[in-house]
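A.B. asks: I am attaching a structure below and will ask some questions about it afterwards.
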Amino acid sequence: MNQVERIQLAVLRSIRSRDLYTERQVNAMLKALREADRRVKAELVRIGDGTLLKKGLEVRREQLRGVQRRIDEIVRDLKTEQTLLMKGAVKESYQKGIESNIREFGELGFPHYESLTHADRIKLAGYAMSLVDRSALDFLVNYDLQLLGNVTRELADGIKQRIAVGIVTGESIAKIGEKIGGVISDPDSFRRAGKTVFKTAQHRIEVITRTETLRAYGQGRRKFYDRIGVRRVVWITAGDERTCPQCGPLDGQEFPMDKMPPLPRHPQCRCLVYAARAKVCRAGKPVH
């Protein structure tokens, strides 16, 4: 295997490892959202027992306020769990970005890296992580939590509004539940589903989790490059049918560290940069 092929293989391994980790984080966030979905549906079943109805569709306002308080509690629990998940994901992604650099350098035979064992690489990444500017890492975490806070606030408001309007206008509990929606695992079913409060929340949580996990991973790699004196990097895309027109032309291009485009370039951007030692193209041949 020549050097160009080794570079490409090492970088693609990093991309696959990063993407698998990102999807685990997305699944954890959706698991928390799915539990909130279950609890909201249980609340709808309770409403369906007739506890909010008096003389047909006259709403008992105090009881409706009680329902709204329970929705707030459900979403507050969701926010608490997702906050813990996001804090852990950002910091862990940052360190995994550093680890991926060390692994690549070892696979490519960089001096001082090729003889490191897996345990040595983890230890070195932990040491590098301890040197990171914590204020910058905290900024990433706080920014992400603000984004998630907006989603959960809108989710709570949307659920409460759907329930209140549905009861006042005489809709069935099944119809109210349909408009609230739920977490959808199948991609085709998700695309076909109409606009619901849960679908909107699910989409935004997925986008935020993927984008910010990738951002933290990329920031970890960049910080490590800066720490050891890498001055030039090569841009690489995921190289599949989902590669966007914005990123596709950058594949294989080399940039000075201080002039590289922002990474991620857009929400859910899957691009990566690696230390410039040899340029590669998608076919695995040198670019001149």
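Residue numbers start at 1 in each chain; chains themselves are named A, B, ... in the order of the structure tokens; ligands are numbered from 1 in the order shown.
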Could you give me, as number ranges by chain, the residues within 7 Å of segment 272-277 of chain A, counting only C-alpha atoms and dropping anything in the same chain fewer than 5 positions from it?

C.D. replies: A: 230, 232-237

A.B. asks: What's the 12 Å shell around Gly66 of chain A, counting only C-alpha atoms, without same-chain residues fewer than 3 positions away, as a list of chain:residue names?

C.D. replies: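 Listed by chain and then number, they are A:Glu43, A:Ile47, A:Thr51, A:Leu52, A:Arg60, A:Arg61, A:Glu62, A:Gln63, A:Arg69, A:Arg70, A:Ile71, A:Asp72, A:Glu73, A:Lys160, A:Ala164.
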
A.B. asks: For those residues, write N, CA, C and O atoms to a file as an mmCIF file, in the first residue's frame.

C.D. replies:
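And here is the file that came out, selection.cif:
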```
data_model
loop_
_atom_site.group_PDB
_atom_site.id
_atom_site.type_symbol
_atom_site.label_atom_id
_atom_site.label_comp_id
_atom_site.auth_asym_id
_atom_site.auth_seq_id
_atom_site.Cartn_x
_atom_site.Cartn_y
_atom_site.Cartn_z
ATOM 1 N N GLU A 43 -50.741 11.115 29.040
ATOM 2 C CA GLU A 43 -51.548 12.242 29.505
ATOM 3 C C GLU A 43 -52.784 12.410 28.623
ATOM 4 O O GLU A 43 -53.881 12.704 29.132
ATOM 5 N N ILE A 47 -56.750 12.353 29.661
ATOM 6 C CA ILE A 47 -57.744 13.339 29.235
ATOM 7 C C ILE A 47 -58.927 12.646 28.585
ATOM 8 O O ILE A 47 -60.087 13.024 28.784
ATOM 9 N N THR A 51 -61.934 13.486 32.167
ATOM 10 C CA THR A 51 -61.717 14.302 33.359
ATOM 11 C C THR A 51 -61.721 15.790 33.061
ATOM 12 O O THR A 51 -61.864 16.604 33.974
ATOM 13 N N LEU A 52 -61.554 16.170 31.780
ATOM 14 C CA LEU A 52 -61.553 17.588 31.452
ATOM 15 C C LEU A 52 -62.874 18.053 30.838
ATOM 16 O O LEU A 52 -62.999 19.200 30.452
ATOM 17 N N ARG A 60 -62.978 22.471 31.988
ATOM 18 C CA ARG A 60 -62.695 22.863 33.364
ATOM 19 C C ARG A 60 -61.316 23.514 33.372
ATOM 20 O O ARG A 60 -60.290 22.837 33.276
ATOM 21 N N ARG A 61 -61.296 24.812 33.475
ATOM 22 C CA ARG A 61 -60.052 25.547 33.281
ATOM 23 C C ARG A 61 -58.957 25.144 34.264
ATOM 24 O O ARG A 61 -57.788 25.037 33.887
ATOM 25 N N GLU A 62 -59.310 24.934 35.503
ATOM 26 C CA GLU A 62 -58.288 24.577 36.480
ATOM 27 C C GLU A 62 -57.648 23.240 36.142
ATOM 28 O O GLU A 62 -56.439 23.053 36.273
ATOM 29 N N GLN A 63 -58.463 22.306 35.680
ATOM 30 C CA GLN A 63 -57.921 21.004 35.306
ATOM 31 C C GLN A 63 -57.056 21.104 34.056
ATOM 32 O O GLN A 63 -56.038 20.412 33.933
ATOM 33 N N ARG A 69 -49.397 22.038 33.311
ATOM 34 C CA ARG A 69 -48.275 21.919 34.255
ATOM 35 C C ARG A 69 -47.578 20.567 34.097
ATOM 36 O O ARG A 69 -46.351 20.468 34.195
ATOM 37 N N ARG A 70 -48.374 19.521 33.855
ATOM 38 C CA ARG A 70 -47.768 18.202 33.675
ATOM 39 C C ARG A 70 -46.955 18.139 32.369
ATOM 40 O O ARG A 70 -45.909 17.489 32.318
ATOM 41 N N ILE A 71 -47.432 18.808 31.329
ATOM 42 C CA ILE A 71 -46.665 18.870 30.084
ATOM 43 C C ILE A 71 -45.348 19.589 30.327
ATOM 44 O O ILE A 71 -44.284 19.162 29.862
ATOM 45 N N ASP A 72 -45.403 20.693 31.085
ATOM 46 C CA ASP A 72 -44.175 21.420 31.418
ATOM 47 C C ASP A 72 -43.200 20.522 32.174
ATOM 48 O O ASP A 72 -41.981 20.565 31.941
ATOM 49 N N GLU A 73 -43.727 19.704 33.062
ATOM 50 C CA GLU A 73 -42.868 18.795 33.836
ATOM 51 C C GLU A 73 -42.222 17.752 32.933
ATOM 52 O O GLU A 73 -41.029 17.451 33.064
ATOM 53 N N LYS A 160 -49.032 22.010 24.471
ATOM 54 C CA LYS A 160 -50.104 22.619 25.286
ATOM 55 C C LYS A 160 -51.130 23.312 24.400
ATOM 56 O O LYS A 160 -52.334 23.223 24.656
ATOM 57 N N ALA A 164 -55.133 22.299 24.193
ATOM 58 C CA ALA A 164 -56.145 23.295 24.555
ATOM 59 C C ALA A 164 -57.085 23.575 23.388
ATOM 60 O O ALA A 164 -58.312 23.563 23.552
#
```

A.B. asks: Which residues, written as an MDAnalysis selection string, have at least one atom at most 12 Å from Ala125 of chain A, with only C-alpha atoms counted and residues fewer than 2 positions away on the same chain left out?

C.D. replies: chainID A and resid 92:103 113 116 118:123 127:132 220:221 223:224 227

A.B. asks: Please write the residues from the selection above to a file, keeping N, CA and C atoms, as a compact mmCIF listing (two decimals), in the first residue's frame.

C.D. replies:
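The file below, again-v3.txt, is the result:
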```
# COMPACT_ATOMS: atom_id res chain seq x y z
N GLU A 92 -16.72 14.74 24.98
CA GLU A 92 -16.19 13.46 24.48
C GLU A 92 -15.85 13.56 23.00
N SER A 93 -16.68 14.28 22.22
CA SER A 93 -16.40 14.44 20.79
C SER A 93 -15.10 15.20 20.58
N TYR A 94 -14.89 16.22 21.38
CA TYR A 94 -13.66 17.02 21.30
C TYR A 94 -12.45 16.12 21.51
N GLN A 95 -12.53 15.28 22.54
CA GLN A 95 -11.39 14.39 22.82
C GLN A 95 -11.25 13.33 21.73
N LYS A 96 -12.37 12.83 21.21
CA LYS A 96 -12.28 11.84 20.14
C LYS A 96 -11.65 12.44 18.89
N GLY A 97 -11.88 13.75 18.67
CA GLY A 97 -11.21 14.41 17.56
C GLY A 97 -9.70 14.39 17.73
N ILE A 98 -9.24 14.62 18.96
CA ILE A 98 -7.81 14.56 19.25
C ILE A 98 -7.30 13.13 19.07
N GLU A 99 -8.03 12.16 19.59
CA GLU A 99 -7.63 10.76 19.47
C GLU A 99 -7.50 10.35 18.01
N SER A 100 -8.41 10.83 17.16
CA SER A 100 -8.36 10.45 15.75
C SER A 100 -7.09 10.95 15.09
N ASN A 101 -6.63 12.16 15.47
CA ASN A 101 -5.37 12.67 14.94
C ASN A 101 -4.21 11.76 15.32
N ILE A 102 -4.16 11.39 16.58
CA ILE A 102 -3.06 10.57 17.07
C ILE A 102 -3.05 9.21 16.38
N ARG A 103 -4.24 8.64 16.20
CA ARG A 103 -4.33 7.34 15.51
C ARG A 103 -3.86 7.46 14.06
N TYR A 113 4.85 8.70 16.86
CA TYR A 113 3.46 8.23 16.94
C TYR A 113 3.31 6.78 16.49
N LEU A 116 3.19 4.02 19.24
CA LEU A 116 2.26 4.15 20.37
C LEU A 116 1.23 3.02 20.35
N HIS A 118 -2.51 1.42 21.66
CA HIS A 118 -3.84 2.03 21.79
C HIS A 118 -3.97 2.75 23.13
N ALA A 119 -3.47 2.11 24.18
CA ALA A 119 -3.54 2.73 25.51
C ALA A 119 -2.71 4.02 25.56
N ASP A 120 -1.54 3.99 24.89
CA ASP A 120 -0.70 5.19 24.85
C ASP A 120 -1.42 6.33 24.13
N ARG A 121 -2.14 5.99 23.05
CA ARG A 121 -2.85 7.03 22.29
C ARG A 121 -3.94 7.66 23.13
N ILE A 122 -4.67 6.83 23.86
CA ILE A 122 -5.74 7.35 24.72
C ILE A 122 -5.15 8.24 25.81
N LYS A 123 -4.04 7.80 26.37
CA LYS A 123 -3.38 8.58 27.43
C LYS A 123 -2.89 9.92 26.90
N TYR A 127 -4.06 13.74 27.88
CA TYR A 127 -3.12 14.79 28.28
C TYR A 127 -3.35 16.04 27.44
N ALA A 128 -3.51 15.85 26.13
CA ALA A 128 -3.77 17.00 25.25
C ALA A 128 -5.08 17.69 25.63
N MET A 129 -6.06 16.89 25.99
CA MET A 129 -7.35 17.45 26.38
C MET A 129 -7.21 18.30 27.64
N SER A 130 -6.31 17.92 28.53
CA SER A 130 -6.13 18.68 29.77
C SER A 130 -5.53 20.06 29.52
N LEU A 131 -4.94 20.24 28.34
CA LEU A 131 -4.31 21.52 28.00
C LEU A 131 -5.26 22.46 27.25
N VAL A 132 -6.46 21.94 26.95
CA VAL A 132 -7.42 22.72 26.16
C VAL A 132 -7.95 23.91 26.96
N GLY A 220 -11.61 19.66 18.15
CA GLY A 220 -10.57 18.90 18.84
C GLY A 220 -9.40 18.61 17.92
N ARG A 221 -9.69 18.21 16.68
CA ARG A 221 -8.62 17.95 15.71
C ARG A 221 -7.83 19.22 15.44
N LYS A 223 -7.50 21.93 17.26
CA LYS A 223 -6.72 22.36 18.42
C LYS A 223 -5.44 21.53 18.56
N PHE A 224 -5.56 20.22 18.29
CA PHE A 224 -4.38 19.37 18.38
C PHE A 224 -3.36 19.74 17.30
N ARG A 227 -1.60 22.75 18.40
CA ARG A 227 -0.70 22.49 19.52
C ARG A 227 0.63 21.91 19.06
```

A.B. asks: Near Lys31 of chain A, within 10 Å and counting only C-alpha atoms, which residues show up once chain neighbours fewer than 6 positions away are dropped, as a PDB file with N, CA, C and O atoms, in the first residue's frame?

C.D. replies:
```
ATOM      1  N   GLN A  25     -24.962   9.309  19.542  1.00  0.00           N
ATOM      2  CA  GLN A  25     -25.429  10.469  20.296  1.00  0.00           C
ATOM      3  C   GLN A  25     -26.828  10.873  19.858  1.00  0.00           C
ATOM      4  O   GLN A  25     -27.678  11.224  20.684  1.00  0.00           O
ATOM      5  N   ASP A  37     -42.449  11.591  24.543  1.00  0.00           N
ATOM      6  CA  ASP A  37     -43.584  11.255  23.676  1.00  0.00           C
ATOM      7  C   ASP A  37     -44.518  10.270  24.394  1.00  0.00           C
ATOM      8  O   ASP A  37     -45.748  10.444  24.413  1.00  0.00           O
ATOM      9  N   LEU A  78     -37.233  16.146  30.030  1.00  0.00           N
ATOM     10  CA  LEU A  78     -36.560  15.916  28.754  1.00  0.00           C
ATOM     11  C   LEU A  78     -35.341  16.832  28.628  1.00  0.00           C
ATOM     12  O   LEU A  78     -34.244  16.386  28.247  1.00  0.00           O
ATOM     13  N   GLN A  82     -31.428  15.679  28.230  1.00  0.00           N
ATOM     14  CA  GLN A  82     -30.694  16.040  27.023  1.00  0.00           C
ATOM     15  C   GLN A  82     -29.537  16.991  27.322  1.00  0.00           C
ATOM     16  O   GLN A  82     -28.527  16.985  26.623  1.00  0.00           O
ATOM     17  N   VAL A 183     -42.331  10.558  17.908  1.00  0.00           N
ATOM     18  CA  VAL A 183     -41.009  10.271  17.358  1.00  0.00           C
ATOM     19  C   VAL A 183     -41.152   9.171  16.301  1.00  0.00           C
ATOM     20  O   VAL A 183     -41.789   8.146  16.540  1.00  0.00           O
TER      21      VAL A 183
END
```

A.B. asks: Quick one: of A:Asp133, A:Glu5, A:Glu206, A:Glu212, who's nearest to Leu263 of chain A, counting only C-alpha atoms?

C.D. replies: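 Nearest to Leu263 of chain A: A:Glu212.
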
A.B. asks: Identify which of the residues A:Leu33, A:Arg134, A:Gly88, A:Thr22 lies closest to Thr152 of chain A, counting only C-alpha atoms when measuring atom-to-atom distances.

C.D. replies: A:Leu33

A.B. asks: Pick out the closest residue to Val75 of chain A from this set: A:Val45, A:Val4, A:Ile159, A:Met29. Count only C-alpha atoms.

C.D. replies: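 Residue with the minimum atom-to-atom distance to Val75 of chain A: A:Ile159.
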
A.B. asks: Return the single residue from A:Arg65, A:Ile205, A:His266, A:Leu145 that is closest to Asn27 of chain A, with distances computed using only C-alpha atoms.

C.D. replies: A:Ile205

A.B. asks: Can you pull out the residues contacting Lys41 of chain A? Cut-off 10 Å, using only C-alpha atoms, and skip same-chain residues under 2 positions away; I want them as a PDB file with N, CA, C and O atoms, in the first residue's frame.

C.D. replies:
```pdb
ATOM      1  N   GLU A  35     -39.241   9.002  25.209  1.00  0.00           N
ATOM      2  CA  GLU A  35     -39.833   8.856  26.539  1.00  0.00           C
ATOM      3  C   GLU A  35     -40.793  10.014  26.818  1.00  0.00           C
ATOM      4  O   GLU A  35     -41.876   9.817  27.398  1.00  0.00           O
ATOM      5  N   ALA A  36     -40.432  11.217  26.405  1.00  0.00           N
ATOM      6  CA  ALA A  36     -41.342  12.356  26.557  1.00  0.00           C
ATOM      7  C   ALA A  36     -42.609  12.124  25.734  1.00  0.00           C
ATOM      8  O   ALA A  36     -43.723  12.428  26.186  1.00  0.00           O
ATOM      9  N   ASP A  37     -42.449  11.591  24.543  1.00  0.00           N
ATOM     10  CA  ASP A  37     -43.584  11.255  23.676  1.00  0.00           C
ATOM     11  C   ASP A  37     -44.518  10.270  24.394  1.00  0.00           C
ATOM     12  O   ASP A  37     -45.748  10.444  24.413  1.00  0.00           O
ATOM     13  N   ARG A  38     -43.938   9.234  25.007  1.00  0.00           N
ATOM     14  CA  ARG A  38     -44.745   8.228  25.712  1.00  0.00           C
ATOM     15  C   ARG A  38     -45.539   8.864  26.845  1.00  0.00           C
ATOM     16  O   ARG A  38     -46.729   8.582  27.016  1.00  0.00           O
ATOM     17  N   ARG A  39     -44.893   9.748  27.600  1.00  0.00           N
ATOM     18  CA  ARG A  39     -45.564  10.379  28.732  1.00  0.00           C
ATOM     19  C   ARG A  39     -46.671  11.338  28.279  1.00  0.00           C
ATOM     20  O   ARG A  39     -47.724  11.430  28.927  1.00  0.00           O
ATOM     21  N   GLU A  43     -50.741  11.115  29.040  1.00  0.00           N
ATOM     22  CA  GLU A  43     -51.548  12.242  29.505  1.00  0.00           C
ATOM     23  C   GLU A  43     -52.784  12.410  28.623  1.00  0.00           C
ATOM     24  O   GLU A  43     -53.881  12.704  29.132  1.00  0.00           O
ATOM     25  N   LEU A  44     -52.647  12.169  27.336  1.00  0.00           N
ATOM     26  CA  LEU A  44     -53.808  12.243  26.443  1.00  0.00           C
ATOM     27  C   LEU A  44     -54.829  11.160  26.774  1.00  0.00           C
ATOM     28  O   LEU A  44     -56.036  11.405  26.723  1.00  0.00           O
ATOM     29  N   VAL A  45     -54.336   9.973  27.116  1.00  0.00           N
ATOM     30  CA  VAL A  45     -55.249   8.891  27.522  1.00  0.00           C
ATOM     31  C   VAL A  45     -56.018   9.302  28.763  1.00  0.00           C
ATOM     32  O   VAL A  45     -57.239   9.065  28.871  1.00  0.00           O
ATOM     33  N   ARG A  46     -55.327   9.950  29.701  1.00  0.00           N
ATOM     34  CA  ARG A  46     -56.007  10.406  30.916  1.00  0.00           C
ATOM     35  C   ARG A  46     -57.077  11.445  30.586  1.00  0.00           C
ATOM     36  O   ARG A  46     -58.181  11.418  31.125  1.00  0.00           O
ATOM     37  N   ILE A  47     -56.750  12.353  29.661  1.00  0.00           N
ATOM     38  CA  ILE A  47     -57.744  13.339  29.235  1.00  0.00           C
ATOM     39  C   ILE A  47     -58.927  12.646  28.585  1.00  0.00           C
ATOM     40  O   ILE A  47     -60.087  13.024  28.784  1.00  0.00           O
ATOM     41  N   ILE A 173     -59.665  12.867  21.149  1.00  0.00           N
ATOM     42  CA  ILE A 173     -58.325  12.706  21.692  1.00  0.00           C
ATOM     43  C   ILE A 173     -57.390  12.106  20.640  1.00  0.00           C
ATOM     44  O   ILE A 173     -56.216  12.483  20.546  1.00  0.00           O
ATOM     45  N   ALA A 174     -57.917  11.206  19.806  1.00  0.00           N
ATOM     46  CA  ALA A 174     -57.104  10.604  18.743  1.00  0.00           C
ATOM     47  C   ALA A 174     -56.632  11.673  17.758  1.00  0.00           C
ATOM     48  O   ALA A 174     -55.481  11.647  17.307  1.00  0.00           O
ATOM     49  N   GLY A 177     -53.941  13.774  19.366  1.00  0.00           N
ATOM     50  CA  GLY A 177     -52.688  13.013  19.363  1.00  0.00           C
ATOM     51  C   GLY A 177     -52.046  12.985  17.991  1.00  0.00           C
ATOM     52  O   GLY A 177     -50.817  13.068  17.867  1.00  0.00           O
ATOM     53  N   ILE A 180     -50.330  16.304  17.478  1.00  0.00           N
ATOM     54  CA  ILE A 180     -49.113  16.407  18.297  1.00  0.00           C
ATOM     55  C   ILE A 180     -48.005  15.554  17.695  1.00  0.00           C
ATOM     56  O   ILE A 180     -46.833  15.936  17.692  1.00  0.00           O
ATOM     57  N   GLY A 181     -48.394  14.400  17.151  1.00  0.00           N
ATOM     58  CA  GLY A 181     -47.421  13.522  16.509  1.00  0.00           C
ATOM     59  C   GLY A 181     -46.600  12.745  17.507  1.00  0.00           C
ATOM     60  O   GLY A 181     -46.988  12.561  18.668  1.00  0.00           O
ATOM     61  N   GLY A 182     -45.435  12.274  17.066  1.00  0.00           N
ATOM     62  CA  GLY A 182     -44.568  11.481  17.927  1.00  0.00           C
ATOM     63  C   GLY A 182     -43.232  11.273  17.242  1.00  0.00           C
ATOM     64  O   GLY A 182     -42.999  11.742  16.123  1.00  0.00           O
TER      65      GLY A 182
END
```

A.B. asks: Smallest atom-to-atom distance to Arg265 of chain A: which of A:Gly218, A:Gly252, A:Gly166, A:Gly149, using only C-alpha atoms?

C.D. replies: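 So, comparing all the options, the nearest one is A:Gly218.
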